[in-house]
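Trainee: Structure: target_15.txt, compact mmCIF, C-alpha atoms.
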# COMPACT_ATOMS: atom_id res chain seq x y z
CA MET A 1 -98.95 87.31 67.43
CA GLN A 2 -95.82 89.25 66.45
CA SER A 3 -94.15 91.07 69.34
CA PRO A 4 -93.25 94.78 69.03
CA ALA A 5 -89.53 93.92 69.31
CA SER A 6 -89.66 91.45 66.43
CA GLY A 7 -91.65 93.94 64.37
CA LEU A 8 -89.03 96.63 64.91
CA SER A 9 -86.27 94.17 64.05
CA MET A 10 -88.01 93.33 60.78
CA LEU A 11 -88.43 97.01 59.88
CA LEU A 12 -84.74 97.62 60.68
CA PHE A 13 -83.76 94.67 58.50
CA ILE A 14 -85.85 95.98 55.59
CA GLU A 15 -84.33 99.44 55.98
CA GLN A 16 -80.81 98.00 55.89
CA ILE A 17 -81.68 95.93 52.81
CA LEU A 18 -82.70 99.15 51.05
CA ASN A 19 -79.51 100.86 52.26
CA GLY A 20 -77.49 97.97 50.87
CA LEU A 21 -79.34 98.22 47.57
CA GLN A 22 -78.67 101.95 47.41
CA LEU A 23 -74.94 101.47 48.09
CA GLY A 24 -74.85 98.69 45.52
CA VAL A 25 -76.39 100.97 42.89
CA MET A 26 -73.82 103.68 43.63
CA LEU A 27 -71.03 101.13 43.24
CA PHE A 28 -72.55 99.94 39.98
CA LEU A 29 -72.51 103.46 38.52
CA MET A 30 -68.80 103.63 39.34
CA SER A 31 -67.85 100.10 38.37
CA ALA A 32 -69.79 100.10 35.09
CA GLY A 33 -67.65 102.92 33.73
CA LEU A 34 -64.40 101.48 35.04
CA THR A 35 -65.07 97.96 33.77
CA LEU A 36 -65.95 99.42 30.36
CA VAL A 37 -62.60 101.18 30.17
CA PHE A 38 -60.55 98.23 31.36
CA GLY A 39 -62.52 95.51 29.59
CA ILE A 40 -62.60 97.29 26.24
CA MET A 41 -59.51 99.50 26.23
CA GLN A 42 -57.29 97.38 28.53
CA VAL A 43 -56.30 100.48 30.53
CA ILE A 44 -56.04 100.42 34.32
CA ASN A 45 -57.47 103.82 35.26
CA LEU A 46 -56.78 104.61 38.90
CA ALA A 47 -58.05 108.15 38.29
CA HIS A 48 -61.64 106.98 37.77
CA GLY A 49 -62.57 108.23 41.24
CA SER A 50 -61.39 111.71 40.25
CA PHE A 51 -64.25 112.00 37.74
CA TYR A 52 -66.66 110.98 40.52
CA MET A 53 -65.20 113.90 42.51
CA ILE A 54 -65.43 116.29 39.54
CA GLY A 55 -69.10 115.46 39.00
CA ALA A 56 -69.86 116.14 42.66
CA TYR A 57 -67.95 119.44 42.70
CA VAL A 58 -69.54 120.76 39.51
CA ALA A 59 -73.04 119.83 40.68
CA ALA A 60 -72.51 121.37 44.12
CA THR A 61 -71.13 124.59 42.61
CA VAL A 62 -73.98 125.00 40.12
CA MET A 63 -76.55 124.21 42.79
CA GLN A 64 -75.08 126.82 45.14
CA GLN A 65 -75.33 129.41 42.37
CA THR A 66 -78.78 128.49 41.05
CA GLY A 67 -80.49 126.59 43.87
CA SER A 68 -81.42 123.84 41.40
CA PHE A 69 -80.25 120.26 41.84
CA MET A 70 -81.34 119.36 38.31
CA LEU A 71 -79.25 122.16 36.77
CA GLY A 72 -76.30 120.89 38.78
CA LEU A 73 -76.90 117.38 37.43
CA LEU A 74 -77.26 118.61 33.84
CA ALA A 75 -74.00 120.57 34.15
CA ALA A 76 -71.99 117.84 35.86
CA LEU A 77 -72.64 115.06 33.35
CA PRO A 78 -71.26 116.75 30.20
CA VAL A 79 -68.37 118.30 32.15
CA SER A 80 -67.35 114.88 33.51
CA ALA A 81 -67.61 113.34 30.04
CA LEU A 82 -65.71 116.14 28.30
CA ILE A 83 -62.88 116.18 30.84
CA GLY A 84 -62.70 112.40 30.56
CA MET A 85 -62.43 112.54 26.77
CA LEU A 86 -59.76 115.23 27.04
CA VAL A 87 -57.74 113.08 29.45
CA GLU A 88 -58.10 110.09 27.11
CA ALA A 89 -56.88 112.09 24.12
CA LEU A 90 -53.96 113.77 25.89
CA VAL A 91 -52.76 111.07 28.27
CA LEU A 92 -54.29 107.61 28.01
CA ARG A 93 -54.05 107.32 24.22
CA ARG A 94 -50.28 107.12 24.66
CA LEU A 95 -50.59 104.26 27.14
CA TYR A 96 -52.57 101.66 25.18
CA GLN A 97 -49.48 99.78 24.06
CA ARG A 98 -47.57 100.34 27.29
CA ASP A 99 -47.20 98.05 30.26
CA HIS A 100 -49.90 98.11 32.95
CA LEU A 101 -47.35 99.51 35.40
CA ASP A 102 -46.97 102.59 33.21
CA GLN A 103 -50.75 102.98 33.17
CA VAL A 104 -50.93 102.69 36.96
CA LEU A 105 -48.21 105.31 37.47
CA ALA A 106 -49.72 107.73 34.93
CA THR A 107 -53.26 107.49 36.28
CA PHE A 108 -52.00 107.75 39.88
CA GLY A 109 -50.36 110.99 38.80
CA LEU A 110 -53.75 112.12 37.49
CA ILE A 111 -55.25 111.50 40.94
CA LEU A 112 -52.69 113.85 42.51
CA PHE A 113 -53.25 116.42 39.75
CA PHE A 114 -57.04 116.49 40.09
CA ASN A 115 -56.94 116.52 43.90
CA GLU A 116 -54.64 119.54 43.90
CA LEU A 117 -56.68 121.23 41.16
CA THR A 118 -59.87 120.96 43.20
CA ARG A 119 -58.08 122.45 46.22
CA ILE A 120 -56.87 125.35 44.08
CA ILE A 121 -60.32 126.03 42.59
CA TRP A 122 -62.63 125.26 45.52
CA GLY A 123 -60.32 125.37 48.55
CA ARG A 124 -59.83 122.78 51.27
CA GLN A 125 -63.22 123.16 52.94
CA PRO A 126 -65.83 120.59 51.87
CA LEU A 127 -68.93 121.68 49.97
CA PHE A 128 -72.42 120.60 50.91
CA MET A 129 -75.40 120.20 48.64
CA ASP A 130 -79.03 119.30 49.15
CA GLY A 131 -81.10 116.92 47.11
CA PRO A 132 -84.06 118.24 45.11
CA GLU A 133 -86.91 119.54 47.26
CA TRP A 134 -89.40 117.18 45.64
CA LEU A 135 -87.30 114.25 46.92
CA SER A 136 -86.79 115.63 50.44
CA GLY A 137 -89.54 113.55 52.05
CA THR A 138 -89.99 109.87 52.76
CA VAL A 139 -91.91 107.03 51.14
CA GLU A 140 -93.61 104.38 53.25
CA LEU A 141 -93.02 101.28 51.14
CA ILE A 142 -94.12 99.13 54.06
CA PRO A 143 -96.41 100.45 56.83
CA GLY A 144 -94.25 101.74 59.65
CA ALA A 145 -91.05 101.82 57.59
CA PRO A 146 -90.57 105.24 55.96
CA TYR A 147 -87.57 105.48 53.69
CA PRO A 148 -85.94 108.65 52.23
CA SER A 149 -87.27 109.46 48.78
CA TYR A 150 -83.84 110.57 47.56
CA ARG A 151 -82.25 107.21 48.35
CA LEU A 152 -85.06 105.47 46.50
CA ALA A 153 -84.42 107.79 43.55
CA ILE A 154 -80.76 106.67 43.53
CA ILE A 155 -81.92 103.05 43.28
CA VAL A 156 -84.25 103.92 40.40
CA VAL A 157 -81.50 105.83 38.56
CA GLY A 158 -79.11 102.89 38.92
CA ILE A 159 -81.66 100.43 37.54
CA ALA A 160 -82.41 102.78 34.64
CA VAL A 161 -78.69 103.09 33.82
CA ALA A 162 -78.31 99.30 33.88
CA VAL A 163 -81.21 98.92 31.42
CA LEU A 164 -79.85 101.65 29.12
CA LEU A 165 -76.38 100.10 29.09
CA TYR A 166 -77.87 96.72 28.25
CA LEU A 167 -79.80 98.23 25.35
CA LEU A 168 -76.75 100.18 24.17
CA PHE A 169 -74.49 97.13 24.00
CA THR A 170 -77.01 94.63 22.67
CA ARG A 171 -79.34 96.65 20.45
CA THR A 172 -77.30 99.42 18.81
CA ARG A 173 -74.65 99.62 16.11
CA LEU A 174 -72.37 101.58 18.44
CA GLY A 175 -72.61 98.82 21.03
CA MET A 176 -71.72 96.24 18.38
CA GLN A 177 -68.66 98.28 17.37
CA ILE A 178 -67.56 98.65 21.00
CA ARG A 179 -67.84 94.92 21.61
CA ALA A 180 -65.98 94.16 18.40
CA GLY A 181 -63.26 96.70 19.20
CA SER A 182 -62.66 95.09 22.57
CA SER A 183 -61.91 91.71 20.99
CA ASN A 184 -60.04 92.70 17.81
CA ARG A 185 -59.05 96.34 17.53
CA GLU A 186 -57.04 95.95 14.31
CA MET A 187 -59.81 94.15 12.43
CA VAL A 188 -62.42 96.75 13.41
CA ALA A 189 -60.09 99.54 12.31
CA ALA A 190 -59.52 97.74 8.98
CA LEU A 191 -63.31 97.71 8.44
CA GLY A 192 -63.37 101.50 8.50
CA VAL A 193 -64.33 102.18 12.12
CA ASN A 194 -62.51 105.14 13.69
CA ILE A 195 -61.15 103.18 16.65
CA LYS A 196 -59.56 106.25 18.28
CA LEU A 197 -62.89 108.08 18.30
CA LEU A 198 -64.64 104.94 19.51
CA TYR A 199 -62.26 104.59 22.47
CA THR A 200 -62.65 108.29 23.29
CA LEU A 201 -66.44 107.89 23.36
CA VAL A 202 -66.16 104.79 25.57
CA PHE A 203 -63.93 106.63 28.01
CA GLY A 204 -66.27 109.62 27.98
CA LEU A 205 -69.21 107.32 28.76
CA GLY A 206 -67.28 105.79 31.64
CA THR A 207 -66.42 109.17 33.14
CA LEU A 208 -70.00 110.38 32.65
CA LEU A 209 -71.22 107.45 34.75
CA ALA A 210 -68.61 108.28 37.41
CA GLY A 211 -69.77 111.90 37.39
CA LEU A 212 -73.38 110.74 37.76
CA ALA A 213 -72.39 108.67 40.79
CA GLY A 214 -70.67 111.75 42.26
CA VAL A 215 -73.78 113.88 41.79
CA MET A 216 -75.96 111.21 43.40
CA ALA A 217 -73.55 110.96 46.35
CA GLY A 218 -73.28 114.73 46.84
CA PRO A 219 -76.39 115.17 49.05
CA ILE A 220 -75.39 112.12 51.15
CA LEU A 221 -71.64 112.74 51.59
CA ALA A 222 -69.50 115.84 51.91
CA VAL A 223 -68.02 116.99 48.60
CA GLU A 224 -64.28 117.27 49.21
CA SER A 225 -60.92 116.75 47.58
CA GLY A 226 -59.91 113.09 47.56
CA MET A 227 -63.46 111.79 47.97
CA GLY A 228 -63.02 109.47 44.99
CA GLU A 229 -60.29 107.30 46.52
CA SER A 230 -62.42 105.54 49.13
CA ILE A 231 -65.14 104.51 46.70
CA LEU A 232 -62.51 103.53 44.11
CA ILE A 233 -61.29 100.72 46.38
CA LEU A 234 -64.81 99.29 46.64
CA THR A 235 -65.20 99.73 42.88
CA PHE A 236 -62.16 97.57 42.17
CA VAL A 237 -63.52 94.93 44.55
CA VAL A 238 -66.79 94.95 42.59
CA ILE A 239 -64.98 94.55 39.26
CA VAL A 240 -62.84 91.68 40.49
CA ILE A 241 -65.85 89.85 41.94
CA GLY A 242 -68.07 90.44 38.92
CA GLY A 243 -65.46 89.69 36.26
CA ILE A 244 -63.33 92.21 34.41
CA GLY A 245 -65.10 93.72 31.42
CA SER A 246 -68.57 92.41 32.32
CA ILE A 247 -71.38 94.93 32.83
CA ARG A 248 -73.67 92.16 34.07
CA GLY A 249 -70.97 91.04 36.48
CA ALA A 250 -70.52 94.62 37.70
CA LEU A 251 -74.24 94.92 38.45
CA ILE A 252 -74.51 91.61 40.34
CA ALA A 253 -71.25 92.15 42.22
CA ALA A 254 -72.13 95.76 43.14
CA LEU A 255 -75.43 94.68 44.66
CA LEU A 256 -73.72 91.80 46.46
CA VAL A 257 -70.96 94.03 47.88
CA GLY A 258 -73.48 96.69 48.89
CA MET A 259 -75.59 94.16 50.77
CA VAL A 260 -72.67 92.42 52.49
CA ASP A 261 -71.06 95.70 53.56
CA THR A 262 -74.29 97.28 54.83
CA LEU A 263 -75.74 94.24 56.58
CA GLY A 264 -72.38 93.38 58.11
CA ARG A 265 -71.94 96.82 59.65
CA ALA A 266 -75.54 96.85 60.88
CA PHE A 267 -75.90 93.37 62.37
CA LEU A 268 -72.52 91.72 63.04
CA PRO A 269 -71.87 93.58 66.34
CA GLY A 270 -75.34 92.55 67.57
CA LEU A 271 -74.73 88.92 66.65
CA PHE A 272 -71.43 88.84 68.52
CA ARG A 273 -73.13 90.30 71.57
CA LEU A 274 -74.95 87.00 71.90
CA VAL A 275 -71.68 85.26 72.80
CA LEU A 276 -69.28 88.04 73.85
CA PRO A 277 -69.31 91.02 76.23
CA ALA A 278 -70.75 94.15 74.61
CA ALA A 279 -67.47 96.12 74.28
CA GLN A 280 -65.58 93.14 72.87
CA ALA A 281 -68.46 92.22 70.57
CA ASP A 282 -68.60 95.73 69.13
CA GLY A 283 -64.86 95.68 68.42
CA VAL A 284 -64.89 92.23 66.81
CA GLY A 285 -68.07 92.99 64.87
CA ALA A 286 -66.74 96.30 63.54
CA SER A 287 -63.46 94.67 62.47
CA LEU A 288 -65.13 91.75 60.70
CA SER A 289 -67.73 93.95 59.02
CA SER A 290 -64.98 96.11 57.51
CA MET A 291 -63.27 92.92 56.27
CA ALA A 292 -66.44 91.21 55.03
CA ILE A 293 -66.28 92.32 51.39
CA TYR A 294 -62.63 91.30 51.10
CA ILE A 295 -63.40 87.90 52.61
CA LEU A 296 -66.24 87.64 50.08
CA MET A 297 -63.88 88.54 47.24
CA ALA A 298 -61.33 85.95 48.32
CA ALA A 299 -63.97 83.24 48.60
CA ILE A 300 -65.38 84.00 45.14
CA LEU A 301 -61.92 84.06 43.55
CA VAL A 302 -61.17 80.64 45.05
CA TRP A 303 -64.40 79.38 43.48
CA LYS A 304 -64.19 81.37 40.22
CA PRO A 305 -60.74 82.89 39.64
CA LYS A 306 -62.00 85.09 36.77
CA GLY A 307 -65.00 86.41 38.70
CA LEU A 308 -68.67 85.53 38.60
CA PHE A 309 -69.36 86.62 35.01
CA PRO A 310 -66.07 87.14 33.13
CA ALA A 311 -66.41 88.88 29.78
CA GLN A 312 -66.34 86.51 26.84
CA ALA A 313 -63.33 86.94 24.61
Can the structure from this file be put into structure tokens for me?
Mentor:
Amino acid sequence: MQSPASGLSMLLFIEQILNGLQLGVMLFLMSAGLTLVFGIMQVINLAHGSFYMIGAYVAATVMQQTGSFMLGLLAALPVSALIGMLVEALVLRRLYQRDHLDQVLATFGLILFFNELTRIIWGRQPLFMDGPEWLSGTVELIPGAPYPSYRLAIIVVGIAVAVLLYLLFTRTRLGMQIRAGSSNREMVAALGVNIKLLYTLVFGLGTLLAGLAGVMAGPILAVESGMGESILILTFVVIVIGGIGSIRGALIAALLVGMVDTLGRAFLPGLFRLVLPAAQADGVGASLSSMAIYILMAAILVWKPKGLFPAQA
């Protein structure tokens, strides 16, 4: 017969698995857009987290004015995409033939610009937003283990985005043109495809996905200036692990990173308590859990230097 303690441990483990899946989905929404831009356009965009921040700010502002989360979502997505396309046309288009160092410096400048712009428009105090009322409850997937409906909705949205991206790139003419443009830009342009417009649309799609991630994160995290930098670091880890330019790699790596990060923070201190004093175990466990994803990245790069699923040239 299962003891109450073991039953609670199992429910805690299941809850952390779902938390890891939710974090992985958020990272996928970010990394899918960034890996599109780098894999197809060969541009290192450090400012990708800024569009995550913009999506969150726009959604929070609209929701405060209207009380509707869905209106905030519907406003944030086109704004993120349009600002992204404007940035591509005014700034990044001049960097395609430049060295990656120039791209890094220019997009780092964009981070500073957008951070200051948000402080000017919204101030330094963070904004807070609630999820939709119809997702404010919990769902009992397993008896005795209620889980927030909103976090489940994030998982569903991430899966839906993954399916839609797969269909876009494998079943549509636009997807075919994007894949062709990533491998031979000059040839695609010679065939009559407007490659500048195509790249603008790709960048707009990438920033739309970042804005979507920002909206999804808004009810969980505080919406504040600079919020995109922390998730950007994890996003780059995901891209390196999955393989640059690979949407499939981004999905698998995002889920893997989400699980490792969440389970490490939840269970490593407890495991070390089996062999170390509590205070020392908590310190060692916290340190190793924060390092776990980077250890994972190093191990995978030793095994597969180009990542798990590198994009085919």
Trainee: Suppose you want the space between atom CA of Leu34 of chain A and atom CA of Gly214 of chain A; what is it in Å?
Mentor: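 So the two atoms, atom CA of Leu34 of chain A and atom CA of Gly214 of chain A, lie 14.0 Å apart.
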Trainee: Counting only C-alpha atoms, give me one row per residue of segment 191-295 of chain A with an atom at most 7 Å from an atom of segment 48-72 of chain A, showing the shortest contact pair and its distance in Å to one decimal, sorted by chain then residue number, as a tab-separated table.
Mentor:
residue	atom	partner	partner_atom	distance
A:Thr207	CA	A:Phe51	CA	5.8
A:Ala210	CA	A:Tyr52	CA	4.6
A:Gly211	CA	A:Gly55	CA	4.0
A:Leu212	CA	A:Gly55	CA	6.5
A:Ala213	CA	A:Tyr52	CA	6.2
A:Gly214	CA	A:Tyr52	CA	4.4
A:Val215	CA	A:Ala56	CA	4.6
A:Gly218	CA	A:Ala56	CA	5.6
A:Val223	CA	A:Ala56	CA	6.3
A:Met227	CA	A:Met53	CA	6.1
A:Gly228	CA	A:Gly49	CA	4.0
A:Glu229	CA	A:Gly49	CA	5.8
A:Leu232	CA	A:Gly49	CA	5.5
Trainee: Need to verify the contact set: Pro310 of chain A, 8 Å, all atoms listed in the file, exclusion of same-chain residues closer than 5 positions in sequence. Can you return it as a ChimeraX atom specification?
Mentor: /A:242-246,249
Trainee: Return the single residue from A:Val275, A:Leu112, A:Val237, A:Leu308 that is closest to Ile295 of chain A, with distances computed using all atoms listed in the file.
Mentor: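 Once distances to Ile295 of chain A are computed over all atoms listed in the file, the minimum belongs to A:Val237.
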Trainee: Find the residue from A:Leu82, A:Leu90, A:Ala106, A:Leu263 that sits nearest to Leu208 of chain A; use all atoms listed in the file when measuring.
Mentor: A:Leu82
Trainee: Between A:Val284, A:Leu268, A:Ala162, A:Val240, single out the one closest to Met26 of chain A, counting all atoms listed in the file.
Mentor: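 Answer, going by the shortest atom-to-atom distance: A:Ala162.
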Trainee: From the set A:Glu224, A:Arg265, A:Leu135, A:Met41, which residue has the shortest atom-to-atom contact distance to Ile154 of chain A, counting only C-alpha atoms?
Mentor: A:Leu135
Trainee: Residues proximal to (-65.0, 87.5, 45.0) were defined as those with any atom within 12 Å of that point in the file's coordinates, counting only C-alpha atoms. Which are they, as a PyMOL selection string?
Mentor: chain A and resi 234+236-244+249-250+252-254+256-257+260+292-310
Trainee: Of the candidates A:Asp99, A:Glu116, A:Glu140, A:Glu133, which one gets nearest to Glu15 of chain A if we count only C-alpha atoms?
Mentor: A:Glu140
Trainee: Record the distance separating atom CA of Val79 of chain A and atom CA of Leu117 of chain A, expressed in Å with one decimal.
Mentor: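 Distance between the two atoms: 15.0 Å.
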Trainee: Kindly give the distance, in Å, that separates atom CA of Ala286 of chain A and atom CA of Ala266 of chain A, rounded to a single decimal.
Mentor: 9.2 Å
Trainee: Quick one: of A:Ile142, A:Leu198, A:Ile121, A:Leu221, who's nearest to Gly175 of chain A, counting only C-alpha atoms?
Mentor: A:Leu198
Trainee: Neighbours of Tyr150 of chain A within 10 Å (only C-alpha atoms; same-chain residues fewer than 6 positions away dropped), as a PyMOL selection string?
Mentor: chain A and resi 131-139+156+216+219-220
Trainee: Would you place a box with edges along x, y and z of the file around all atoms of segment 100-112 of chain A listed there, add 8 Å to each of its six sides, and report the centre and edge lengths in Å to one decimal, as AutoDock Vina command-line options?
Mentor:
--center_x -51.1 --center_y 106.0 --center_z 37.7 --size_x 24.3 --size_y 31.7 --size_z 25.6
